[in-house]
Each structure stands twice: as structure tokens, then as C-alpha cells.
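Text of final.cif (mmCIF, C-alpha atoms) as supplied:
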data_structure
loop_
_atom_site.label_atom_id
_atom_site.label_comp_id
_atom_site.auth_asym_id
_atom_site.auth_seq_id
_atom_site.Cartn_x
_atom_site.Cartn_y
_atom_site.Cartn_z
CA MET A 1090 0.00 0.00 0.00
CA TRP A 1091 2.77 2.41 0.94
CA LYS A 1092 4.20 4.55 -1.85
CA ASP A 1093 7.21 6.84 -1.70
CA ARG A 1094 5.14 9.73 -2.99
CA TYR A 1095 3.35 9.72 0.40
CA LYS A 1096 6.57 10.79 2.18
CA ILE A 1097 6.57 14.23 3.77
CA GLY A 1098 10.33 14.40 4.29
CA VAL A 1099 10.39 14.21 8.11
CA GLU A 1100 11.84 10.82 8.93
CA ARG A 1101 10.07 10.06 12.21
CA ILE A 1102 6.65 10.98 10.78
CA ASP A 1103 7.27 9.03 7.56
CA GLU A 1104 8.24 6.03 9.70
CA GLN A 1105 4.97 6.28 11.66
CA HIS A 1106 2.99 6.61 8.43
CA ARG A 1107 4.69 3.53 7.03
CA GLU A 1108 3.73 1.63 10.20
CA LEU A 1109 0.08 2.68 9.80
CA PHE A 1110 0.04 1.68 6.13
CA GLN A 1111 1.66 -1.65 6.99
CA ARG A 1112 -0.99 -2.44 9.62
CA VAL A 1113 -3.87 -1.48 7.34
CA GLU A 1114 -2.39 -3.56 4.53
CA GLU A 1115 -2.06 -6.60 6.81
CA PHE A 1116 -5.67 -6.09 7.92
CA LEU A 1117 -6.92 -5.91 4.31
CA LYS A 1118 -4.92 -8.95 3.23
CA ALA A 1119 -6.16 -11.00 6.18
CA THR A 1120 -9.81 -10.00 5.87
CA ASN A 1121 -9.84 -10.65 2.10
CA ASP A 1122 -7.96 -13.95 2.26
CA PRO A 1123 -10.27 -16.79 1.16
CA GLN A 1124 -7.97 -19.35 2.83
CA ARG A 1125 -8.54 -17.94 6.31
CA THR A 1126 -11.49 -18.86 8.50
CA TRP A 1127 -13.73 -16.07 9.74
CA GLU A 1128 -12.70 -16.75 13.38
CA ASP A 1129 -9.10 -16.30 12.35
CA LYS A 1130 -9.96 -13.07 10.52
CA ILE A 1131 -11.81 -11.72 13.56
CA GLU A 1132 -8.64 -12.15 15.64
CA LYS A 1133 -6.78 -9.97 13.13
CA VAL A 1134 -9.60 -7.41 13.13
CA LYS A 1135 -9.51 -7.17 16.95
CA GLU A 1136 -5.72 -6.88 16.94
CA THR A 1137 -5.87 -4.09 14.33
CA MET A 1138 -8.61 -2.18 16.15
CA ASN A 1139 -6.61 -2.32 19.41
CA PHE A 1140 -3.51 -1.11 17.62
CA MET A 1141 -5.29 1.63 15.67
CA GLY A 1142 -7.16 2.93 18.71
CA GLU A 1143 -3.83 3.59 20.45
CA TYR A 1144 -1.34 4.25 17.68
CA VAL A 1145 -3.43 6.87 15.89
CA HIS A 1146 -3.49 8.95 19.12
CA TYR A 1147 0.27 8.55 19.57
CA HIS A 1148 0.98 9.44 15.94
CA PHE A 1149 -1.40 12.40 15.72
CA ASP A 1150 -0.07 13.83 19.03
CA ASP A 1151 3.47 13.54 17.71
CA GLU A 1152 2.53 15.12 14.39
CA GLU A 1153 0.81 18.01 16.16
CA LYS A 1154 3.90 18.46 18.39
CA LEU A 1155 6.03 18.68 15.26
CA GLN A 1156 3.68 21.27 13.78
CA GLU A 1157 3.97 23.37 16.94
CA GLU A 1158 7.78 23.13 16.85
CA LEU A 1159 7.76 24.22 13.22
CA GLY A 1160 5.30 27.06 13.77
CA TYR A 1161 3.11 25.45 11.10
CA PRO A 1162 0.32 27.92 10.21
CA ASN A 1163 -2.61 25.52 9.53
CA ILE A 1164 -2.34 23.62 12.80
CA GLU A 1165 -5.97 24.19 13.84
CA ASP A 1166 -7.40 22.83 10.56
CA HIS A 1167 -5.03 19.90 10.76
CA LYS A 1168 -6.10 19.15 14.34
CA LYS A 1169 -9.73 19.12 13.19
CA ALA A 1170 -8.84 16.57 10.48
CA HIS A 1171 -7.13 14.44 13.17
CA GLU A 1172 -10.18 14.66 15.45
CA LYS A 1173 -12.44 13.54 12.60
CA PHE A 1174 -10.13 10.61 11.80
CA LYS A 1175 -9.96 9.52 15.46
CA LYS A 1176 -13.74 9.82 15.81
CA GLY A 1177 -14.20 7.68 12.68
CA ILE A 1178 -12.03 4.93 14.15
CA GLU A 1179 -13.65 5.12 17.58
CA GLU A 1180 -17.11 4.83 16.02
CA TYR A 1181 -16.07 1.68 14.15
CA ILE A 1182 -14.44 0.16 17.26
CA GLU A 1183 -17.79 0.54 19.02
CA LYS A 1184 -19.93 -0.53 16.05
CA LEU A 1185 -17.81 -3.63 15.42
CA GLU A 1186 -18.13 -4.66 19.06
CA ASN A 1187 -21.88 -4.04 19.06
CA GLU A 1188 -22.44 -5.94 15.83
CA ASN A 1189 -20.20 -8.81 16.84
CA TYR A 1190 -17.67 -8.21 14.06
CA SER A 1191 -20.01 -8.98 11.16
CA GLU A 1192 -18.21 -9.61 7.87
CA GLU A 1193 -20.15 -6.84 6.14
CA LEU A 1194 -19.10 -4.23 8.72
CA VAL A 1195 -15.48 -5.42 8.79
CA GLN A 1196 -15.26 -5.06 4.99
CA GLU A 1197 -16.92 -1.65 5.15
CA PHE A 1198 -14.35 -0.52 7.73
CA GLY A 1199 -11.52 -1.90 5.54
CA GLY A 1200 -12.64 0.22 2.58
CA LYS A 1201 -12.94 3.32 4.72
CA ILE A 1202 -9.74 3.10 6.77
CA MET A 1203 -7.71 2.50 3.59
CA THR A 1204 -9.25 5.53 1.87
CA TRP A 1205 -9.00 7.81 4.92
CA LEU A 1206 -5.35 6.90 5.48
CA ILE A 1207 -4.28 7.48 1.87
CA MET A 1208 -6.20 10.75 1.64
CA HIS A 1209 -4.90 12.06 4.96
CA VAL A 1210 -1.25 11.17 4.41
CA GLY A 1211 -1.30 11.75 0.63
CA ASP A 1212 -3.06 15.10 0.76
CA VAL A 1213 -3.48 16.81 4.15
CA ASP A 1214 -0.06 15.78 5.53
CA GLN A 1215 1.73 16.75 2.32
CA LYS A 1216 1.11 20.36 3.28
CA ILE A 1217 3.42 19.86 6.31
CA GLY A 1218 6.01 18.43 3.90
CA ASP A 1219 5.65 21.44 1.60
CA TYR A 1220 6.06 23.77 4.59
CA VAL A 1221 9.19 21.94 5.84
CA THR A 1222 10.74 22.06 2.36
CA LYS A 1223 10.01 25.78 2.04
CA GLU A 1224 11.47 26.53 5.51
CA ARG A 1225 14.62 24.56 4.66
CA GLU A 1226 15.01 26.48 1.42
CA ASP A 1227 14.54 29.81 3.20
CA CYS A 1228 17.26 29.01 5.78
CA MET B 815 -29.31 23.16 -14.23
CA LYS B 816 -26.29 25.42 -14.53
CA ALA B 817 -23.25 23.73 -16.07
CA GLU B 818 -21.01 25.77 -13.77
CA TYR B 819 -22.09 23.58 -10.83
CA LEU B 820 -20.04 20.82 -12.42
CA ASN B 821 -16.78 22.72 -11.93
CA PRO B 822 -16.33 22.16 -8.16
CA PHE B 823 -16.90 18.44 -8.73
CA ILE B 824 -14.38 18.32 -11.58
CA GLU B 825 -11.80 20.20 -9.51
CA ALA B 826 -12.36 17.92 -6.50
CA THR B 827 -12.28 14.77 -8.66
CA ASN B 828 -8.96 15.81 -10.20
CA ARG B 829 -7.39 16.47 -6.82
CA VAL B 830 -8.60 13.27 -5.16
CA PHE B 831 -7.73 11.11 -8.18
CA GLN B 832 -4.25 12.62 -8.29
CA THR B 833 -3.67 11.89 -4.59
CA MET B 834 -5.30 8.51 -4.31
CA LEU B 835 -4.74 6.98 -7.71
CA ASN B 836 -1.98 9.00 -9.33
CA LEU B 837 -4.41 9.67 -12.19
CA GLU B 838 -5.29 12.81 -14.10
CA PRO B 839 -8.84 12.56 -15.44
CA GLU B 840 -9.57 14.29 -18.75
CA LYS B 841 -12.96 15.56 -19.85
CA LYS B 842 -14.23 13.45 -22.69
CA GLU B 843 -17.89 14.18 -23.27
CA LEU B 844 -20.66 16.27 -21.73
CA LYS B 845 -24.27 15.29 -22.33
CA MET B 846 -27.69 16.27 -21.12
CA GLU B 847 -29.93 13.34 -20.20
CA GLU B 848 -33.67 12.94 -19.81
CA ASP B 849 -33.50 11.04 -16.53
CA LEU B 850 -30.91 10.09 -13.97
CA ILE B 851 -29.99 6.68 -15.31
CA THR B 852 -26.62 5.07 -15.19
CA SER B 853 -25.79 1.75 -16.74
CA ASN B 854 -22.35 1.50 -15.15
CA ASP B 855 -21.40 -1.54 -13.06
CA ALA B 856 -20.83 0.34 -9.79
CA ASN B 857 -22.71 3.53 -8.97
CA VAL B 858 -22.22 5.74 -5.95
CA VAL B 859 -25.25 7.94 -5.31
CA LEU B 860 -24.93 10.96 -3.04
CA GLY B 861 -27.56 13.51 -2.06
CA VAL B 862 -26.84 17.23 -1.83
CA THR B 863 -28.80 19.49 0.53
CA GLY B 864 -28.61 23.19 1.34
CA ASP B 865 -28.35 26.11 -1.08
CA LEU B 866 -28.11 23.57 -3.88
CA GLN B 867 -30.25 20.46 -3.79
CA GLY B 868 -30.13 17.30 -5.81
CA THR B 869 -28.16 14.18 -6.60
CA VAL B 870 -24.66 13.29 -7.72
CA ILE B 871 -23.86 9.86 -9.15
CA PHE B 872 -20.39 8.56 -9.81
CA GLY B 873 -20.66 5.61 -12.21
CA PHE B 874 -17.72 3.26 -12.76
CA PRO B 875 -17.22 0.16 -14.89
CA GLU B 876 -16.21 -2.95 -12.92
CA GLU B 877 -12.76 -3.22 -14.49
CA MET B 878 -11.89 0.35 -13.55
CA THR B 879 -13.25 -0.11 -10.01
CA LEU B 880 -11.00 -3.13 -9.48
CA LYS B 881 -7.98 -1.30 -10.92
CA MET B 882 -8.61 1.66 -8.60
CA VAL B 883 -8.79 -0.59 -5.55
CA LYS B 884 -5.64 -2.40 -6.67
CA GLU B 885 -3.76 0.90 -6.91
CA MET B 886 -4.90 1.86 -3.41
CA SER B 887 -4.64 -1.48 -1.60
CA GLY B 888 -2.00 -3.31 -3.63
CA MET B 889 -4.43 -6.24 -3.79
CA GLU B 890 -5.82 -7.91 -6.88
CA MET B 891 -9.57 -8.17 -6.32
CA ALA B 892 -11.66 -10.60 -8.37
CA GLU B 893 -15.02 -8.91 -7.88
CA ILE B 894 -16.76 -5.91 -6.36
CA ASN B 895 -17.25 -7.17 -2.81
CA SER B 896 -18.23 -5.16 0.28
CA PHE B 897 -14.65 -3.95 0.79
CA VAL B 898 -14.38 -2.70 -2.80
CA SER B 899 -17.75 -0.96 -2.77
CA SER B 900 -17.00 0.66 0.60
CA ALA B 901 -13.67 2.00 -0.75
CA LEU B 902 -15.35 3.28 -3.92
CA GLY B 903 -18.13 4.92 -1.91
CA GLU B 904 -15.60 6.63 0.34
CA VAL B 905 -13.58 7.96 -2.63
CA ALA B 906 -16.79 9.50 -4.04
CA ASN B 907 -17.70 10.79 -0.57
CA ILE B 908 -14.32 12.52 -0.18
CA ILE B 909 -14.59 14.05 -3.68
CA SER B 910 -18.06 15.37 -2.91
CA GLY B 911 -16.95 16.68 0.50
CA ASN B 912 -14.13 18.59 -1.22
CA ALA B 913 -16.61 19.91 -3.82
CA MET B 914 -18.78 21.20 -0.94
CA THR B 915 -15.75 23.08 0.45
CA ILE B 916 -15.18 24.71 -2.96
CA LEU B 917 -18.89 25.65 -3.19
CA HIS B 918 -18.68 27.07 0.33
CA ASP B 919 -15.84 29.35 -0.81
CA GLU B 920 -18.23 30.52 -3.54
CA ASN B 921 -20.82 31.34 -0.85
CA LEU B 922 -22.99 28.30 -1.46
CA SER B 923 -23.56 26.34 1.69
CA CYS B 924 -24.34 22.66 1.03
CA ASP B 925 -24.03 19.29 2.73
CA ILE B 926 -23.64 15.76 1.49
CA VAL B 927 -25.97 12.91 2.38
CA PRO B 928 -23.78 9.79 2.91
CA PRO B 929 -23.26 7.63 -0.18
CA ARG B 930 -25.29 4.62 -1.22
CA ILE B 931 -23.67 2.14 -3.55
CA PHE B 932 -25.59 0.36 -6.28
CA ILE B 933 -24.07 -2.50 -8.18
CA GLY B 934 -25.67 -2.64 -11.63
CA GLU B 935 -28.03 -0.19 -13.28
CA TYR B 936 -29.40 2.68 -11.24
CA LYS B 937 -32.50 4.61 -12.26
CA SER B 938 -34.20 7.57 -10.76
CA PHE B 939 -37.04 9.30 -12.57
CA ALA B 940 -37.86 11.89 -9.94
CA VAL B 941 -36.11 14.63 -11.82
CA GLU B 942 -38.93 17.11 -12.52
CA GLU B 943 -38.51 19.25 -15.64
CA GLU B 944 -34.84 20.04 -15.56
CA GLN B 945 -32.30 17.71 -17.10
CA PRO B 946 -29.27 16.15 -15.43
CA LEU B 947 -25.78 16.58 -16.88
CA VAL B 948 -23.50 13.63 -17.52
CA LEU B 949 -19.79 14.22 -17.84
CA THR B 950 -17.62 11.34 -19.02
CA LEU B 951 -14.06 11.50 -17.70
CA SER B 952 -11.24 9.50 -19.16
CA THR B 953 -8.25 8.11 -17.22
CA ALA B 954 -5.45 5.60 -17.76
CA MET B 955 -7.59 3.07 -15.78
CA GLY B 956 -10.75 3.59 -17.82
CA GLU B 957 -13.67 5.96 -18.30
CA PHE B 958 -16.26 6.89 -15.72
CA ASP B 959 -19.31 9.15 -15.51
CA LEU B 960 -20.16 11.99 -13.23
CA ASN B 961 -23.94 12.50 -13.26
CA LEU B 962 -25.07 15.73 -11.71
CA PHE B 963 -28.50 17.09 -11.02
CA LEU B 964 -28.50 20.15 -8.81
CA LYS B 965 -30.95 23.02 -8.52
CA GLU B 966 -31.01 26.11 -6.41
CA LYS B 967 -33.15 26.10 -3.29
CA GLU B 968 -36.41 27.85 -3.93
#
This entry written out as C-alpha cells:
Amino acid sequence: MWKDRYKIGVERIDEQHRELFQRVEEFLKATNDPQRTWEDKIEKVKETMNFMGEYVHYHFDDEEKLQEELGYPNIEDHKKAHEKFKKGIEEYIEKLENENYSEELVQEFGGKIMTWLIMHVGDVDQKIGDYVTKEREDC
Amino acid sequence: MKAEYLNPFIEATNRVFQTMLNLEPEKKELKMEEDLITSNDANVVLGVTGDLQGTVIFGFPEEMTLKMVKEMSGMEMAEINSFVSSALGEVANIISGNAMTILHDENLSCDIVPPRIFIGEYKSFAVEEEQPLVLTLSTAMGEFDLNLFLKEKE
């Protein structure tokens, strides 16, 4: 899933992004693997939801800290995008639990988390990258 | 309906396709239709409410849908399953959300009703007297249609 064009040019953030892409990719491969039993898939879903619930907070906090250090101008808009992303994940964690990890809902979540992640890292986060590049050039 | 209402959707489609699929859609054909009918394999239908009201339909052939999901996920999918249709619906939802932001900058305040995905032909005849516009966009992964029917709030 990961592509080099998603890099923003700050190593620690790119590393965290790669980790998120890796986890989502593993989730998608597992949940779409016809060889795996549904019980086995559910284990992977639970593992991913636990990871996502925590790691997204850690990553977004770190990214916001970086933005503060840089004096990044669009920090408030970016924080709103992070809040929306976190809320989306939290809603699915709850829904999946309530609906006993139905296949339909798991697949729906897979489609959404993949799209959200690519769009956030490939679009919204690129603006941090552009800002960092510009600051480096101005120095 | 005014053809200018297409522009925010074209701009948003270009941006999202560039980011998500590394594709640059090109305008191929613009038509006016009698009814909102799409014969594409996968259709994402979104409602618009607010200063503009109506329906947007993104219609994709199956082959293109599977290529898009392969580009995003790295996985070869054999058919449009729930994962594929959810991803497609979310791409259309993000495009439409971005189009709403552009409209907002033009002082038109609108919201999107979450997408519904129809596999196979979709028909809606509740289009009153005005005619919907259908724009065909061409990409390296195939051609798809953007059906738009929007009218100003009375």
C-alpha cells in the first residue's frame, strides 16, 4: 500500500505513516484472504482495532507536536482533520463490538480506513512536507 | 441546471484522483440526459442538501473499479465485494466533500448525504422538468461518468 510519494520528508513521521500503512495492509490482506477462516480473521480485526485505537493517538499527538515546533500555520485545521479521523475509528471500534464483528461491517471498515489513510497522508499531511521544504530552502 | 455547478466536482475529482490513484482525469464528453440513469457496473449515489439540492452519481465500470482498488490497496480483487464498494463509496464521498468546500468558498452552503452504492443499473425518474448533466471523464484506468443534477433552493 505504501508509496514513496506519500513521504513528507520528516523521517520520524514518515516512519509512523509507514507503520500505519503496513498495519492497514495486513488487515486488508487478512480479511480478504479466502484461505482464512472467519474466526481467524476476527482475531486480526480485533488486533488491528486495538492497535489503531492507540497508535493513531500517539501518531497524531506527535505530528501536532512537530507542527507546533515548526510554527506550522494551519495547525488548527489539521487538528480538526485528526479529530475527525480519530472519531471515525472510535465509532467503528464501538460498532464492530456491538455488531459482533459482522463480515459486512469489517469489509466496510476496511474500505474506509484505507481511503482515509491514503487521503490524509497523501493530501493533508503533504502540506506539512511542503512547509518543511520551504522553511529549509529559506534558511 | 447550470453547467457551472459541475466545476467544483471536476476540480475535487482531479485532486482526489491525483492523490489517491496518481491519475489525471480528462474531460471526454458532456451530455444532457432525460433522466438520472446510469448503466455503469458500480454507482455511488450521493444527495446534496442546502443552497443547492439534488443528486450526484459517480458511475464506474467494474474493471476500472477493481484497478482503482488495486492501486490503493495493492491487492488484486476478483469482484466488487463489500470492501471494494466501501472504498469506492468513500472515494466519491471525499470528492463530494471537497466539492462542498469549494462551493462554500463561492458562498454556497451545502451538505452531502452519505453515499449509497448500487451495483448494476441505477435509475431515478424523480427529476422534474430540468435535465441532469453527464460528464464522461477518461483516465489511464478507464472511463467513468459523473452525473449531476443540482438546482437552487427555492
Checklist line | Residue nearest chain A - candidates B:Val859, B:Ala954, B:Met889, B:Val948, atoms counted: only C-alpha atoms | finding: B:Met889
Kindly assemble as CSV a list of the chain A residues that lie within 12 Å of chain B, each paired with its nearest atom pair and their distance in Å to one decimal, using all atoms listed in the file, sorted first by chain and then by ascending residue number.
residue,atom,partner,partner_atom,distance
A:Met1090,CA,B:Ser887,CA,5.1
A:Trp1091,CA,B:Gly888,CA,8.7
A:Lys1092,CA,B:Met886,CA,9.6
A:Arg1094,CA,B:Thr833,CA,9.2
A:Tyr1095,CA,B:Thr833,CA,8.9
A:Phe1110,CA,B:Ser887,CA,9.6
A:Gln1111,CA,B:Ser887,CA,10.7
A:Arg1112,CA,B:Ser887,CA,11.8
A:Val1113,CA,B:Ser887,CA,9.0
A:Glu1114,CA,B:Ser887,CA,6.9
A:Glu1115,CA,B:Ser887,CA,10.2
A:Phe1116,CA,B:Ser887,CA,10.6
A:Leu1117,CA,B:Ser887,CA,7.7
A:Lys1118,CA,B:Met889,CA,7.5
A:Ala1119,CA,B:Met889,CA,11.2
A:Thr1120,CA,B:Phe897,CA,9.3
A:Asn1121,CA,B:Phe897,CA,8.4
A:Asp1122,CA,B:Met889,CA,10.4
A:Pro1123,CA,B:Met891,CA,11.4
A:Ser1191,CA,B:Ser896,CA,11.7
A:Glu1192,CA,B:Ser896,CA,8.8
A:Glu1193,CA,B:Ser896,CA,6.4
A:Leu1194,CA,B:Ser896,CA,8.5
A:Val1195,CA,B:Phe897,CA,8.2
A:Gln1196,CA,B:Phe897,CA,4.4
A:Glu1197,CA,B:Ser900,CA,5.1
A:Phe1198,CA,B:Ser900,CA,7.7
A:Gly1199,CA,B:Phe897,CA,6.0
A:Gly1200,CA,B:Ala901,CA,3.9
A:Lys1201,CA,B:Ala901,CA,5.7
A:Ile1202,CA,B:Ala901,CA,8.6
A:Met1203,CA,B:Ser887,CA,7.2
A:Thr1204,CA,B:Ala901,CA,6.2
A:Trp1205,CA,B:Glu904,CA,8.1
A:Leu1206,CA,B:Met834,CA,9.9
A:Ile1207,CA,B:Met834,CA,6.3
A:Met1208,CA,B:Met834,CA,6.4
A:His1209,CA,B:Thr833,CA,9.6
A:Val1210,CA,B:Thr833,CA,9.3
A:Gly1211,CA,B:Thr833,CA,5.7
A:Asp1212,CA,B:Thr833,CA,6.3
A:Val1213,CA,B:Thr833,CA,10.0
A:Asp1214,CA,B:Thr833,CA,11.4
A:Gln1215,CA,B:Thr833,CA,10.0
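With distances restricted to only C-alpha atoms, B:Glu920 is the closest residue to B:Tyr819 from B:Asp855, B:Glu890, B:Glu920, B:Glu848.
If you look at atom CA of A:Lys1223 and atom CA of A:Ile1097, they are 12.2 Å away from each other.
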Margin query: What's the separation between atom CA of A:Glu1152 and atom CA of A:Ile1102, in Å to one decimal place?
Written below: 6.9 Å
Item checked: Selection under test: the PyMOL selection byres ((chain B and resi 869) around 6); residues as a VMD selection string -> chain B and resid 860 to 862 868 870 963
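Listed by chain and then by number, the residues chosen by the PyMOL selection byres ((chain A and resi 1155-1170) around 8) in this file are Asp1151, Glu1152, Glu1153, Lys1154, His1171, Glu1172, Lys1173, Phe1174, Val1213, Ile1217, Tyr1220 and Val1221 of chain A.
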Item checked: Nearest-residue call for B:Ile871, choices B:Met846, B:Leu949, B:Met955, B:Met815, using all atoms listed in the file -> B:Leu949
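Between atom CA of B:Phe872 and atom CA of B:Asn961 lies a distance of 6.3 Å.
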Just say which residues the PyMOL selection byres ((chain B and resi 931) around 6) picks in this file, as an mmCIF file with C-alpha atoms, in the frame of the given file.
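So part-v5.cif came out as:
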data_model
loop_
_atom_site.group_PDB
_atom_site.id
_atom_site.type_symbol
_atom_site.label_atom_id
_atom_site.label_comp_id
_atom_site.auth_asym_id
_atom_site.auth_seq_id
_atom_site.Cartn_x
_atom_site.Cartn_y
_atom_site.Cartn_z
ATOM 1 C CA ASN B 857 -22.710 3.530 -8.970
ATOM 2 C CA VAL B 858 -22.220 5.740 -5.950
ATOM 3 C CA ARG B 930 -25.290 4.620 -1.220
ATOM 4 C CA PHE B 932 -25.590 0.360 -6.280
#
Neighbour list for B:Glu818 as a PDB file with C-alpha atoms, in the frame of the given file, cut-off 12 Å, only C-alpha atoms, skip fewer than 3 positions in-chain:
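Contents of the output file result-v5.pdb:
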ATOM      1  CA  MET B 815     -29.310  23.160 -14.230  1.00  0.00           C
ATOM      2  CA  ASN B 821     -16.780  22.720 -11.930  1.00  0.00           C
ATOM      3  CA  PRO B 822     -16.330  22.160  -8.160  1.00  0.00           C
ATOM      4  CA  PHE B 823     -16.900  18.440  -8.730  1.00  0.00           C
ATOM      5  CA  ILE B 824     -14.380  18.320 -11.580  1.00  0.00           C
ATOM      6  CA  GLU B 825     -11.800  20.200  -9.510  1.00  0.00           C
ATOM      7  CA  LEU B 917     -18.890  25.650  -3.190  1.00  0.00           C
ATOM      8  CA  GLU B 920     -18.230  30.520  -3.540  1.00  0.00           C
ATOM      9  CA  LEU B 947     -25.780  16.580 -16.880  1.00  0.00           C
ATOM     10  CA  LEU B 962     -25.070  15.730 -11.710  1.00  0.00           C
ATOM     11  CA  PHE B 963     -28.500  17.090 -11.020  1.00  0.00           C
ATOM     12  CA  LEU B 964     -28.500  20.150  -8.810  1.00  0.00           C
ATOM     13  CA  LYS B 965     -30.950  23.020  -8.520  1.00  0.00           C
TER      14      LYS B 965
END
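Among the candidates B:Leu820, B:Asp865, B:Leu951, B:Lys967, the one nearest to B:His918 when counting only C-alpha atoms is B:Asp865.
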Margin query: Tell me which residues come within 9 Å of (6.2, 10.5, 13.4), as number ranges by chain, counting all atoms listed in the file in the file's coordinates.
Written below: A: 1099-1106, 1147-1149, 1151-1152, 1155
Next, the residues of the selection above should be written as an mmCIF file, keeping the file's coordinate frame with C-alpha atoms.
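Dumped everything to out.cif:
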data_model
loop_
_atom_site.group_PDB
_atom_site.id
_atom_site.type_symbol
_atom_site.label_atom_id
_atom_site.label_comp_id
_atom_site.auth_asym_id
_atom_site.auth_seq_id
_atom_site.Cartn_x
_atom_site.Cartn_y
_atom_site.Cartn_z
ATOM 1 C CA VAL A 1099 10.390 14.210 8.110
ATOM 2 C CA GLU A 1100 11.840 10.820 8.930
ATOM 3 C CA ARG A 1101 10.070 10.060 12.210
ATOM 4 C CA ILE A 1102 6.650 10.980 10.780
ATOM 5 C CA ASP A 1103 7.270 9.030 7.560
ATOM 6 C CA GLU A 1104 8.240 6.030 9.700
ATOM 7 C CA GLN A 1105 4.970 6.280 11.660
ATOM 8 C CA HIS A 1106 2.990 6.610 8.430
ATOM 9 C CA TYR A 1147 0.270 8.550 19.570
ATOM 10 C CA HIS A 1148 0.980 9.440 15.940
ATOM 11 C CA PHE A 1149 -1.400 12.400 15.720
ATOM 12 C CA ASP A 1151 3.470 13.540 17.710
ATOM 13 C CA GLU A 1152 2.530 15.120 14.390
ATOM 14 C CA LEU A 1155 6.030 18.680 15.260
#
